[in-house]
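So this one's final00.txt, compact mmCIF, C-alpha atoms:
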# COMPACT_ATOMS: atom_id res chain seq x y z
CA MET A 12 -67.33 64.14 71.10
CA LYS A 13 -69.92 61.35 71.21
CA PRO A 14 -70.71 59.53 67.95
CA ASP A 15 -74.24 59.93 66.57
CA LEU A 16 -75.66 56.40 66.95
CA PHE A 17 -79.23 57.34 66.01
CA GLN A 18 -81.40 54.59 64.56
CA ALA A 19 -84.80 55.68 63.28
CA PRO A 20 -87.80 53.73 64.58
CA ASP A 21 -90.19 52.31 61.99
CA TYR A 22 -92.52 50.12 64.03
CA TYR A 23 -95.23 49.83 61.35
CA LEU A 24 -92.79 49.38 58.43
CA LEU A 25 -93.78 52.72 56.98
CA ASP A 26 -90.75 52.70 54.70
CA ASP A 27 -92.88 50.41 52.53
CA LEU A 28 -95.10 53.44 51.82
CA LEU A 29 -92.19 55.50 50.53
CA THR A 30 -90.69 55.48 47.07
CA GLU A 31 -87.02 54.70 46.50
CA GLU A 32 -86.49 58.40 45.79
CA HIS A 33 -88.08 59.33 49.11
CA LYS A 34 -85.75 57.00 50.98
CA LEU A 35 -82.66 58.22 49.12
CA ILE A 36 -83.53 61.84 49.89
CA ARG A 37 -84.22 61.07 53.55
CA ASP A 38 -81.09 58.99 53.98
CA ALA A 39 -78.93 61.69 52.42
CA ALA A 40 -80.36 64.27 54.83
CA ARG A 41 -79.89 61.85 57.75
CA ALA A 42 -76.25 61.21 56.87
CA TRP A 43 -75.60 64.95 56.52
CA VAL A 44 -77.14 65.66 59.95
CA LYS A 45 -75.00 62.94 61.54
CA LYS A 46 -71.84 64.35 59.98
CA GLU A 47 -72.39 68.11 60.05
CA VAL A 48 -74.96 68.92 62.75
CA SER A 49 -74.75 66.37 65.56
CA PRO A 50 -71.03 66.89 66.32
CA ILE A 51 -71.37 70.68 66.78
CA ILE A 52 -74.94 71.45 67.77
CA GLU A 53 -74.56 71.14 71.55
CA GLU A 54 -71.68 73.61 71.52
CA TYR A 55 -73.61 76.11 69.42
CA ALA A 56 -76.74 75.76 71.55
CA GLN A 57 -74.70 76.34 74.70
CA LYS A 58 -73.20 79.54 73.29
CA ALA A 59 -76.51 80.62 71.69
CA GLU A 60 -75.14 80.94 68.17
CA PHE A 61 -76.33 79.73 64.79
CA PRO A 62 -73.69 77.64 62.94
CA LYS A 63 -73.60 79.57 59.68
CA GLN A 64 -71.10 77.15 58.16
CA ILE A 65 -73.91 74.60 57.65
CA ILE A 66 -75.94 76.86 55.33
CA LYS A 67 -74.29 75.59 52.15
CA GLY A 68 -74.91 71.98 53.21
CA LEU A 69 -78.57 72.71 53.95
CA GLY A 70 -78.91 73.88 50.37
CA GLU A 71 -77.15 70.80 49.02
CA ILE A 72 -79.50 68.32 50.79
CA GLY A 73 -82.61 70.18 49.59
CA GLY A 74 -83.20 72.00 52.84
CA PHE A 75 -84.14 75.20 51.02
CA GLY A 76 -87.28 75.05 48.88
CA PRO A 77 -87.14 71.36 47.90
CA TYR A 78 -90.55 71.59 46.20
CA ILE A 79 -89.68 74.75 44.24
CA PRO A 80 -89.49 73.95 40.49
CA THR A 81 -86.04 73.27 39.08
CA GLU A 82 -86.33 76.22 36.70
CA TYR A 83 -86.02 78.50 39.74
CA GLY A 84 -83.21 76.56 41.39
CA GLY A 85 -85.32 74.24 43.53
CA ALA A 86 -85.20 70.45 43.50
CA GLY A 87 -88.76 69.99 42.20
CA LEU A 88 -89.53 67.37 44.85
CA ASP A 89 -92.92 66.34 46.23
CA GLN A 90 -94.41 67.16 49.60
CA ILE A 91 -93.43 63.88 51.27
CA SER A 92 -89.80 64.51 50.31
CA TYR A 93 -90.07 67.97 51.86
CA GLY A 94 -91.50 66.47 55.04
CA LEU A 95 -88.81 63.82 55.31
CA ILE A 96 -86.06 66.43 54.93
CA MET A 97 -87.64 68.52 57.72
CA GLN A 98 -87.90 65.41 59.90
CA GLU A 99 -84.21 64.65 59.54
CA ILE A 100 -83.08 68.24 60.08
CA GLU A 101 -85.17 68.62 63.23
CA ARG A 102 -83.86 65.31 64.48
CA GLY A 103 -80.62 67.28 64.61
CA ASP A 104 -82.09 70.49 66.02
CA SER A 105 -85.37 72.43 65.85
CA GLY A 106 -83.51 75.70 65.40
CA VAL A 107 -81.71 74.44 62.31
CA ARG A 108 -85.04 73.18 60.96
CA SER A 109 -86.51 76.63 61.66
CA THR A 110 -83.87 78.22 59.45
CA SER A 111 -84.63 75.68 56.74
CA SER A 112 -88.42 75.86 56.86
CA VAL A 113 -88.53 79.66 57.10
CA GLN A 114 -86.35 79.88 54.01
CA SER A 115 -88.46 77.27 52.20
CA SER A 116 -92.05 77.97 53.16
CA LEU A 117 -92.08 81.56 54.36
CA VAL A 118 -89.65 83.19 51.92
CA MET A 119 -89.29 81.06 48.79
CA TYR A 120 -92.91 79.87 48.77
CA PRO A 121 -94.51 83.36 48.68
CA ILE A 122 -92.03 84.60 46.07
CA TRP A 123 -92.83 81.53 43.95
CA LYS A 124 -96.59 81.61 44.45
CA TYR A 125 -97.31 85.33 44.82
CA GLY A 126 -94.39 86.93 43.00
CA ASN A 127 -93.79 87.67 39.33
CA GLU A 128 -91.22 86.14 36.99
CA GLU A 129 -88.68 88.89 37.59
CA GLN A 130 -88.87 88.35 41.37
CA ARG A 131 -88.69 84.56 41.04
CA ASN A 132 -85.62 84.68 38.83
CA LYS A 133 -83.92 87.32 40.94
CA TYR A 134 -84.29 85.69 44.35
CA LEU A 135 -85.21 81.99 44.21
CA PRO A 136 -81.99 80.49 42.74
CA LYS A 137 -79.84 82.26 45.34
CA LEU A 138 -82.21 81.32 48.16
CA ALA A 139 -82.15 77.68 47.03
CA THR A 140 -78.38 77.40 47.44
CA GLY A 141 -78.19 79.46 50.62
CA GLU A 142 -76.21 82.17 48.88
CA MET A 143 -79.04 84.41 50.07
CA ILE A 144 -80.95 83.94 53.36
CA GLY A 145 -84.44 85.26 53.98
CA CYS A 146 -86.87 85.82 56.83
CA PHE A 147 -90.64 86.31 57.19
CA GLY A 148 -92.16 89.31 58.90
CA LEU A 149 -95.71 88.76 60.16
CA THR A 150 -95.78 88.68 63.99
CA GLU A 151 -95.74 92.03 65.74
CA PRO A 152 -95.20 93.02 69.40
CA ASP A 153 -98.95 93.36 69.93
CA HIS A 154 -100.28 91.01 67.24
CA GLY A 155 -99.33 87.32 67.41
CA SER A 156 -102.32 84.98 67.20
CA ASN A 157 -104.28 87.85 65.62
CA PRO A 158 -102.02 88.86 62.71
CA GLY A 159 -104.85 90.66 60.96
CA GLY A 160 -104.57 93.39 63.60
CA MET A 161 -101.09 94.36 62.40
CA ILE A 162 -100.15 98.03 62.35
CA THR A 163 -97.08 97.82 60.10
CA ASN A 164 -98.07 99.81 57.02
CA PHE A 165 -96.87 101.31 53.77
CA LYS A 166 -97.88 104.36 51.77
CA ASP A 167 -97.70 104.97 48.04
CA MET A 168 -95.23 107.79 47.48
CA GLY A 169 -95.46 107.76 43.70
CA ASP A 170 -92.20 106.14 42.65
CA HIS A 171 -91.82 103.96 45.79
CA TYR A 172 -93.57 102.76 48.95
CA LEU A 173 -92.78 104.12 52.42
CA LEU A 174 -92.80 101.32 55.01
CA ASN A 175 -93.14 101.82 58.77
CA GLY A 176 -93.65 99.43 61.67
CA ALA A 177 -91.98 96.55 63.50
CA LYS A 178 -92.02 92.76 63.59
CA MET A 179 -90.65 90.47 66.30
CA TRP A 180 -89.74 86.82 66.99
CA ILE A 181 -88.33 86.57 63.47
CA SER A 182 -86.12 83.55 62.72
CA ASN A 183 -83.06 84.34 60.59
CA ALA A 184 -83.60 88.10 61.02
CA PRO A 185 -80.14 89.02 62.36
CA PHE A 186 -78.33 87.79 59.23
CA ALA A 187 -81.08 87.65 56.58
CA ASP A 188 -80.40 89.28 53.23
CA ILE A 189 -84.09 89.83 52.50
CA ALA A 190 -87.35 89.88 54.45
CA VAL A 191 -90.80 89.05 53.09
CA VAL A 192 -92.80 91.56 55.11
CA TRP A 193 -96.56 91.71 55.49
CA ALA A 194 -98.01 95.19 55.88
CA LYS A 195 -101.23 97.11 55.30
CA ASN A 196 -101.67 99.62 52.52
CA GLU A 197 -103.59 102.87 52.95
CA GLU A 198 -106.88 101.01 52.45
CA GLY A 199 -105.98 98.48 55.16
CA ARG A 200 -105.32 95.63 52.72
CA ILE A 201 -102.45 93.28 53.61
CA HIS A 202 -99.69 92.88 51.00
CA GLY A 203 -96.28 91.24 50.89
CA LEU A 204 -93.17 93.33 50.28
CA ILE A 205 -89.58 92.16 49.72
CA VAL A 206 -87.33 94.32 51.90
CA GLU A 207 -83.59 94.05 51.30
CA ARG A 208 -80.81 94.49 53.83
CA GLY A 209 -79.14 97.81 53.28
CA MET A 210 -82.34 99.74 52.62
CA GLU A 211 -82.15 102.92 54.68
CA GLY A 212 -84.23 102.74 57.86
CA PHE A 213 -84.32 98.91 57.94
CA SER A 214 -82.65 97.26 60.95
CA THR A 215 -82.69 93.76 62.48
CA PRO A 216 -81.70 93.78 66.18
CA GLU A 217 -81.05 90.30 67.58
CA THR A 218 -83.13 88.80 70.39
CA HIS A 219 -80.94 87.57 73.24
CA ASN A 220 -81.41 85.59 76.48
CA LYS A 221 -83.50 82.79 74.94
CA TRP A 222 -83.79 79.48 76.76
CA SER A 223 -85.15 77.87 73.59
CA LEU A 224 -83.98 77.60 69.96
CA ARG A 225 -80.59 78.76 71.16
CA ALA A 226 -78.84 77.57 67.99
CA SER A 227 -81.22 79.65 65.87
CA ALA A 228 -80.82 83.38 65.24
CA THR A 229 -83.95 85.32 66.24
CA GLY A 230 -84.52 89.04 65.95
CA GLU A 231 -86.77 91.97 65.20
CA LEU A 232 -87.47 93.81 61.98
CA ILE A 233 -87.65 97.60 62.36
CA PHE A 234 -88.94 99.80 59.52
CA ASP A 235 -88.37 103.51 59.93
CA ASN A 236 -89.52 105.26 56.75
CA VAL A 237 -88.01 102.53 54.58
CA LYS A 238 -88.23 103.29 50.86
CA VAL A 239 -89.26 100.06 49.14
CA PRO A 240 -89.21 99.95 45.33
CA LYS A 241 -92.60 99.26 43.79
CA ALA A 242 -91.02 96.31 41.97
CA ASN A 243 -90.67 94.61 45.38
CA LEU A 244 -94.42 94.26 45.99
CA LEU A 245 -95.65 90.65 45.59
CA PRO A 246 -98.39 91.22 42.99
CA ASN A 247 -100.32 87.97 42.76
CA LYS A 248 -102.08 87.68 46.12
CA SER A 249 -103.11 90.01 48.93
CA GLY A 250 -105.18 89.84 52.08
CA LEU A 251 -104.54 87.79 55.23
CA GLY A 252 -104.93 84.58 53.20
CA ALA A 253 -101.57 85.27 51.55
CA PRO A 254 -99.35 84.93 54.65
CA LEU A 255 -101.63 82.19 56.02
CA GLY A 256 -101.00 80.18 52.84
CA CYS A 257 -97.27 80.36 53.57
CA LEU A 258 -97.90 79.24 57.15
CA ASP A 259 -99.80 76.20 55.89
CA SER A 260 -96.64 75.06 54.13
CA ALA A 261 -94.46 75.81 57.14
CA ARG A 262 -96.81 74.12 59.61
CA TYR A 263 -96.84 71.04 57.42
CA GLY A 264 -93.05 70.95 57.64
CA ILE A 265 -93.22 71.36 61.41
CA ALA A 266 -95.58 68.37 61.69
CA TRP A 267 -92.85 66.23 60.11
CA GLY A 268 -90.01 67.96 61.92
CA ALA A 269 -91.46 67.36 65.38
CA ILE A 270 -91.38 63.62 64.67
CA GLY A 271 -87.63 63.92 64.14
CA ALA A 272 -87.14 65.49 67.57
CA ALA A 273 -89.36 62.82 69.14
CA MET A 274 -87.48 60.01 67.40
CA ASP A 275 -84.15 61.33 68.64
CA CYS A 276 -85.40 61.50 72.25
CA TYR A 277 -86.92 58.01 72.01
CA ASP A 278 -83.80 56.51 70.47
CA THR A 279 -81.60 58.10 73.15
CA ALA A 280 -83.84 56.87 75.97
CA LEU A 281 -84.11 53.36 74.50
CA ARG A 282 -80.33 53.01 74.18
CA TYR A 283 -79.77 54.42 77.68
CA SER A 284 -82.35 52.02 79.16
CA LYS A 285 -80.32 49.06 77.90
CA GLU A 286 -77.03 50.40 79.24
CA ARG A 287 -77.95 51.93 82.60
CA ILE A 288 -77.78 49.33 85.38
CA GLN A 289 -79.73 49.82 88.61
CA PHE A 290 -80.65 47.16 91.18
CA ASP A 291 -78.45 44.71 89.24
CA LYS A 292 -80.31 44.97 85.92
CA PRO A 293 -80.83 47.41 83.03
CA ILE A 294 -83.54 49.97 83.79
CA GLY A 295 -85.13 48.95 80.48
CA ALA A 296 -86.04 45.64 82.14
CA THR A 297 -88.37 47.40 84.60
CA GLN A 298 -92.08 47.84 84.00
CA LEU A 299 -92.28 51.62 84.40
CA GLN A 300 -89.48 52.29 81.92
CA GLN A 301 -90.98 49.85 79.43
CA LYS A 302 -94.31 51.65 79.82
CA LYS A 303 -92.64 54.95 78.88
CA LEU A 304 -90.87 53.44 75.89
CA ALA A 305 -93.97 51.60 74.66
CA GLU A 306 -96.03 54.78 74.82
CA MET A 307 -93.32 56.75 73.03
CA ILE A 308 -93.09 54.39 70.07
CA THR A 309 -96.89 54.18 69.88
CA GLU A 310 -97.26 57.96 69.66
CA ILE A 311 -94.39 58.29 67.17
CA THR A 312 -96.00 55.65 64.95
CA LYS A 313 -99.38 57.40 65.04
CA ALA A 314 -97.71 60.70 64.14
CA GLN A 315 -95.82 59.06 61.26
CA LEU A 316 -99.08 57.73 59.83
CA LEU A 317 -100.74 61.14 60.26
CA THR A 318 -98.03 63.01 58.39
CA TRP A 319 -97.66 60.42 55.65
CA ARG A 320 -101.37 60.65 54.86
CA LEU A 321 -101.22 64.45 55.05
CA GLY A 322 -98.31 64.37 52.61
CA VAL A 323 -100.34 62.30 50.16
CA LEU A 324 -103.19 64.82 50.43
CA ARG A 325 -100.74 67.71 49.91
CA ASN A 326 -99.38 66.02 46.80
CA GLU A 327 -102.92 65.68 45.50
CA GLY A 328 -103.79 69.29 46.36
CA ARG A 329 -106.50 68.15 48.76
CA ALA A 330 -105.06 68.92 52.20
CA THR A 331 -106.97 71.60 54.11
CA SER A 332 -105.56 74.21 56.46
CA ALA A 333 -107.48 72.58 59.30
CA GLN A 334 -105.92 69.18 58.58
CA ILE A 335 -102.47 70.78 58.68
CA SER A 336 -103.35 72.45 61.99
CA MET A 337 -104.34 69.10 63.49
CA ALA A 338 -101.05 67.48 62.48
CA LYS A 339 -98.92 70.38 63.71
CA ARG A 340 -100.69 70.50 67.06
CA ASN A 341 -100.72 66.75 67.63
CA ASN A 342 -97.15 66.06 66.61
CA VAL A 343 -95.52 68.90 68.52
CA ALA A 344 -97.44 68.01 71.70
CA MET A 345 -96.44 64.39 71.17
CA ALA A 346 -92.77 65.31 70.76
CA LEU A 347 -92.80 67.51 73.85
CA GLU A 348 -94.31 64.76 75.99
CA ILE A 349 -91.76 62.23 74.70
CA ALA A 350 -88.91 64.65 75.42
CA ARG A 351 -90.13 65.08 78.99
CA ASP A 352 -90.48 61.34 79.60
CA ALA A 353 -87.11 60.63 78.00
CA ARG A 354 -85.48 63.27 80.18
CA GLN A 355 -86.83 61.55 83.29
CA MET A 356 -85.53 58.17 82.11
CA LEU A 357 -82.01 59.57 81.93
CA GLY A 358 -82.22 61.00 85.44
CA GLY A 359 -79.60 63.63 86.13
CA MET A 360 -77.78 62.90 82.88
CA GLY A 361 -80.89 64.03 81.04
CA ILE A 362 -80.25 67.69 81.86
CA THR A 363 -76.69 67.72 80.54
CA GLY A 364 -75.41 68.61 77.11
CA GLU A 365 -73.93 65.14 76.81
CA TYR A 366 -77.35 64.08 75.53
CA SER A 367 -79.71 65.87 73.16
CA ILE A 368 -82.93 65.49 75.15
CA MET A 369 -82.94 68.67 77.24
CA ARG A 370 -82.05 70.74 74.17
CA HIS A 371 -84.95 69.18 72.25
CA MET A 372 -87.29 69.81 75.16
CA MET A 373 -86.37 73.48 75.38
CA ASN A 374 -86.61 73.87 71.61
CA LEU A 375 -90.04 72.26 71.47
CA GLU A 376 -91.33 74.80 73.99
CA SER A 377 -90.98 77.31 71.14
CA VAL A 378 -92.27 75.00 68.43
CA VAL A 379 -95.48 74.34 70.40
CA THR A 380 -96.14 78.10 70.34
CA TYR A 381 -94.88 79.45 67.04
CA GLU A 382 -96.75 79.42 63.72
CA GLY A 383 -100.00 79.01 65.60
CA THR A 384 -100.11 78.18 69.29
CA HIS A 385 -101.27 74.82 70.64
CA ASP A 386 -104.56 76.43 71.70
CA ILE A 387 -105.18 78.30 68.46
CA HIS A 388 -104.75 75.11 66.42
CA LEU A 389 -107.25 73.43 68.74
CA LEU A 390 -109.76 76.18 67.97
CA ILE A 391 -109.10 75.81 64.24
CA THR A 392 -110.06 72.15 64.48
CA GLY A 393 -113.06 73.06 66.64
CA MET A 394 -114.25 75.61 64.11
CA ASP A 395 -113.75 73.14 61.29
CA VAL A 396 -115.91 70.44 62.87
CA THR A 397 -118.65 72.72 64.30
CA GLY A 398 -118.69 75.64 61.88
CA PHE A 399 -118.51 78.12 64.76
CA PRO A 400 -115.43 80.36 65.18
CA ALA A 401 -114.54 80.64 68.87
CA PHE A 402 -111.59 83.02 68.58
CA LYS A 403 -113.45 85.99 70.04
Is it possible to give me this structure as structure tokens?
Amino acid sequence: MKPDLFQAPDYYLLDDLLTEEHKLIRDAARAWVKKEVSPIIEEYAQKAEFPKQIIKGLGEIGGFGPYIPTEYGGAGLDQISYGLIMQEIERGDSGVRSTSSVQSSLVMYPIWKYGNEEQRNKYLPKLATGEMIGCFGLTEPDHGSNPGGMITNFKDMGDHYLLNGAKMWISNAPFADIAVVWAKNEEGRIHGLIVERGMEGFSTPETHNKWSLRASATGELIFDNVKVPKANLLPNKSGLGAPLGCLDSARYGIAWGAIGAAMDCYDTALRYSKERIQFDKPIGATQLQQKKLAEMITEITKAQLLTWRLGVLRNEGRATSAQISMAKRNNVAMALEIARDARQMLGGMGITGEYSIMRHMMNLESVVTYEGTHDIHLLITGMDVTGFPAFK
């Protein structure tokens, strides 16, 4: 088992922009990833299994709802702290970060923001520790980039709701205890419902044969006349803006997380370039390899500045959905390009599980698509600057 020698790049001394608390939180997450994730993640990715034994540790480092108020079991941290935790977790693996950010932004966030006090007190403390795991049901087999076209629906049966439909590509689904599901009522209005494992007619078949996010559990949500108590309806927001508000929080976390994957690929390639000897000198002494490394650190630094500023705006309540889209799109594309260049620098070794690069590259092929595809986020920015929606 190779030791985790990762050293985080900070070319523009951005640590100076962080508080002491930020750095303590980040360093604690970094140390946990080095101890608990790095030694096992290649094995779990190879066998396509999520390492459930790390769930408790994710809760302990603030990986579940770090910005949720302490009265509901969260850590009450700010948005930059949340971002830094996502960065460190994804430095370990995008699939592990997916589990963390889904729990935080797509399950805990809507219960906190759109739920009532009874729902908050019932679910949030257990979700914060990892005692309970959740998932988020929005995407359907025929409705991905156009979630408003969903056909999953529920009917008012007097003393309960009757839920029917299906969701797919759902992180955490195979072992989730609850699902925050978005469905249309009889008037076609979208609402959030908390569906609990064990409800009759609710099943979560696992998705197999993935080449990406192999250490993350992905599945479907099937609702066949599921009786959902009326107390499980999220009462404080409806319409498509409700799930999109959750996605803003998750996409913000992804913008930070992608930097972690990029930093890991860069650090691996940089170290390898100093050790690998060809033509009687380290490959890092050649112009083409230095060009790759110089471009990598430049793009990482730009992404760090982008997310730090976005975090400040989030803390001030001024960040827009379009700004979050720009950061998610830019940073994931940046990380994917760095992973590809780093893989080439390692030659044949780059495709093996001895190094993390190929795993990051495969994972990022999912990250560039989920929670808004690369192209959809481009159109969001285009609409924001022109005022013209070009989705149809």
Close residues, region 198-206 of chain A itself excluded, 8 Å, only C-alpha atoms, min 2 positions apart in chain, as a VMD selection string:
chain A and resid 189 to 196 208 210 239 243 to 245 248 to 251 253 to 254
Dig up all the protein and nucleic acid residues within 10 Å of (-89.7, 79.2, 72.1) in the file frame, using all atoms listed in the file, and format them as a PyMOL selection string.
chain A and resi 106+180+221-225+373-381
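For Pro293 (chain A), the residues within 9 Å (counting all atoms listed in the file, excluding itself and residues fewer than 5 positions away along the chain) are Tyr283, Ser284, Lys285, Glu286, Arg287 and Ile288 of chain A.
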With distances taken over only C-alpha atoms, which residue among A:Ala56, A:Asp278, A:Arg37, A:Gly212 lies nearest Asp15 (chain A)?
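Looking at the shortest contact to Asp15 (chain A), the residue is A:Asp278.
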Selection as number ranges by chain: residues within 12 Å of (-77.5, 81.1, 43.1), counting all atoms listed in the file
A: 67, 70-71, 75, 82-85, 131-144
Which residue is closest to Lys403 (chain A)? Choose from A:Gly145, A:Arg325, A:Ala39, A:Ser156 and count all atoms listed in the file.
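Under the stated criterion, the closest residue is A:Ser156.
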What does the distance from CA of Thr229 (chain A) to CA of Lys58 (chain A) come to in Å, to one decimal?
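About the pair CA of Thr229 (chain A) and CA of Lys58 (chain A): they are 14.1 Å apart.
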Find the residues around Gly176 (chain A) up to 10 Å (all atoms listed in the file counted), leave out those fewer than 2 positions away in its own chain, and share them as a ChimeraX atom specification.
/A:151,161-165,174,178,194,232-237
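Closest approach to Thr215 (chain A) from the set A:Asn183, A:Ser227, A:Thr392, A:Thr312 is made by A:Asn183, with distances taken over only C-alpha atoms.
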Quick one, how far is CA of Pro400 (chain A) from CA of Ala330 (chain A)?
20.2 Å
Supply region 180-188 of chain A as a tab-separated table (two decimals), in the frame of the given file, with all heavy atoms built in where the input has gaps.
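Saved the output as rebuild-v2.tsv:
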chain	number	residue	atom	x	y	z
A	180	TRP	N	-89.84	88.28	66.98
A	180	TRP	CA	-89.74	86.82	66.99
A	180	TRP	C	-89.50	86.28	65.58
A	180	TRP	O	-90.13	85.32	65.16
A	180	TRP	CB	-90.97	86.16	67.61
A	180	TRP	CG	-91.29	86.62	68.99
A	180	TRP	CD1	-92.46	87.19	69.42
A	180	TRP	CD2	-90.45	86.55	70.15
A	180	TRP	NE1	-92.38	87.48	70.76
A	180	TRP	CE2	-91.15	87.09	71.23
A	180	TRP	CE3	-89.15	86.06	70.36
A	180	TRP	CZ2	-90.62	87.18	72.51
A	180	TRP	CZ3	-88.60	86.16	71.63
A	180	TRP	CH2	-89.35	86.71	72.69
A	181	ILE	N	-88.57	86.91	64.87
A	181	ILE	CA	-88.33	86.57	63.47
A	181	ILE	C	-87.07	85.72	63.33
A	181	ILE	O	-85.95	86.19	63.53
A	181	ILE	CB	-88.20	87.86	62.62
A	181	ILE	CG1	-89.37	88.82	62.89
A	181	ILE	CG2	-88.09	87.49	61.14
A	181	ILE	CD1	-90.74	88.25	62.59
A	182	SER	N	-87.27	84.44	62.97
A	182	SER	CA	-86.12	83.55	62.72
A	182	SER	C	-85.32	84.05	61.52
A	182	SER	O	-85.89	84.50	60.53
A	182	SER	CB	-86.61	82.12	62.45
A	182	SER	OG	-87.25	81.57	63.58
A	183	ASN	N	-84.02	83.95	61.62
A	183	ASN	CA	-83.06	84.34	60.59
A	183	ASN	C	-82.86	85.85	60.48
A	183	ASN	O	-81.98	86.30	59.72
A	183	ASN	CB	-83.44	83.82	59.19
A	183	ASN	CG	-83.55	82.32	59.11
A	183	ASN	OD1	-83.21	81.60	60.04
A	183	ASN	ND2	-84.05	81.83	57.98
A	184	ALA	N	-83.65	86.65	61.20
A	184	ALA	CA	-83.60	88.10	61.02
A	184	ALA	C	-82.20	88.70	61.15
A	184	ALA	O	-81.82	89.55	60.33
A	184	ALA	CB	-84.57	88.80	61.99
A	185	PRO	N	-81.41	88.31	62.16
A	185	PRO	CA	-80.14	89.02	62.36
A	185	PRO	C	-79.18	88.95	61.17
A	185	PRO	O	-78.35	89.85	61.00
A	185	PRO	CB	-79.54	88.31	63.59
A	185	PRO	CG	-80.72	87.80	64.34
A	185	PRO	CD	-81.69	87.37	63.27
A	186	PHE	N	-79.27	87.88	60.35
A	186	PHE	CA	-78.33	87.79	59.23
A	186	PHE	C	-79.03	87.64	57.88
A	186	PHE	O	-78.37	87.36	56.87
A	186	PHE	CB	-77.31	86.65	59.44
A	186	PHE	CG	-77.93	85.29	59.61
A	186	PHE	CD1	-78.28	84.53	58.51
A	186	PHE	CD2	-78.16	84.77	60.88
A	186	PHE	CE1	-78.83	83.27	58.66
A	186	PHE	CE2	-78.71	83.50	61.04
A	186	PHE	CZ	-79.05	82.76	59.93
A	187	ALA	N	-80.34	87.81	57.83
A	187	ALA	CA	-81.08	87.65	56.58
A	187	ALA	C	-80.71	88.74	55.57
A	187	ALA	O	-80.51	89.90	55.92
A	187	ALA	CB	-82.58	87.67	56.84
A	188	ASP	N	-80.66	88.33	54.31
A	188	ASP	CA	-80.40	89.28	53.23
A	188	ASP	C	-81.68	89.98	52.78
A	188	ASP	O	-81.64	91.12	52.33
A	188	ASP	CB	-79.77	88.55	52.04
A	188	ASP	CG	-78.46	87.89	52.41
A	188	ASP	OD1	-77.48	88.61	52.65
A	188	ASP	OD2	-78.42	86.64	52.47
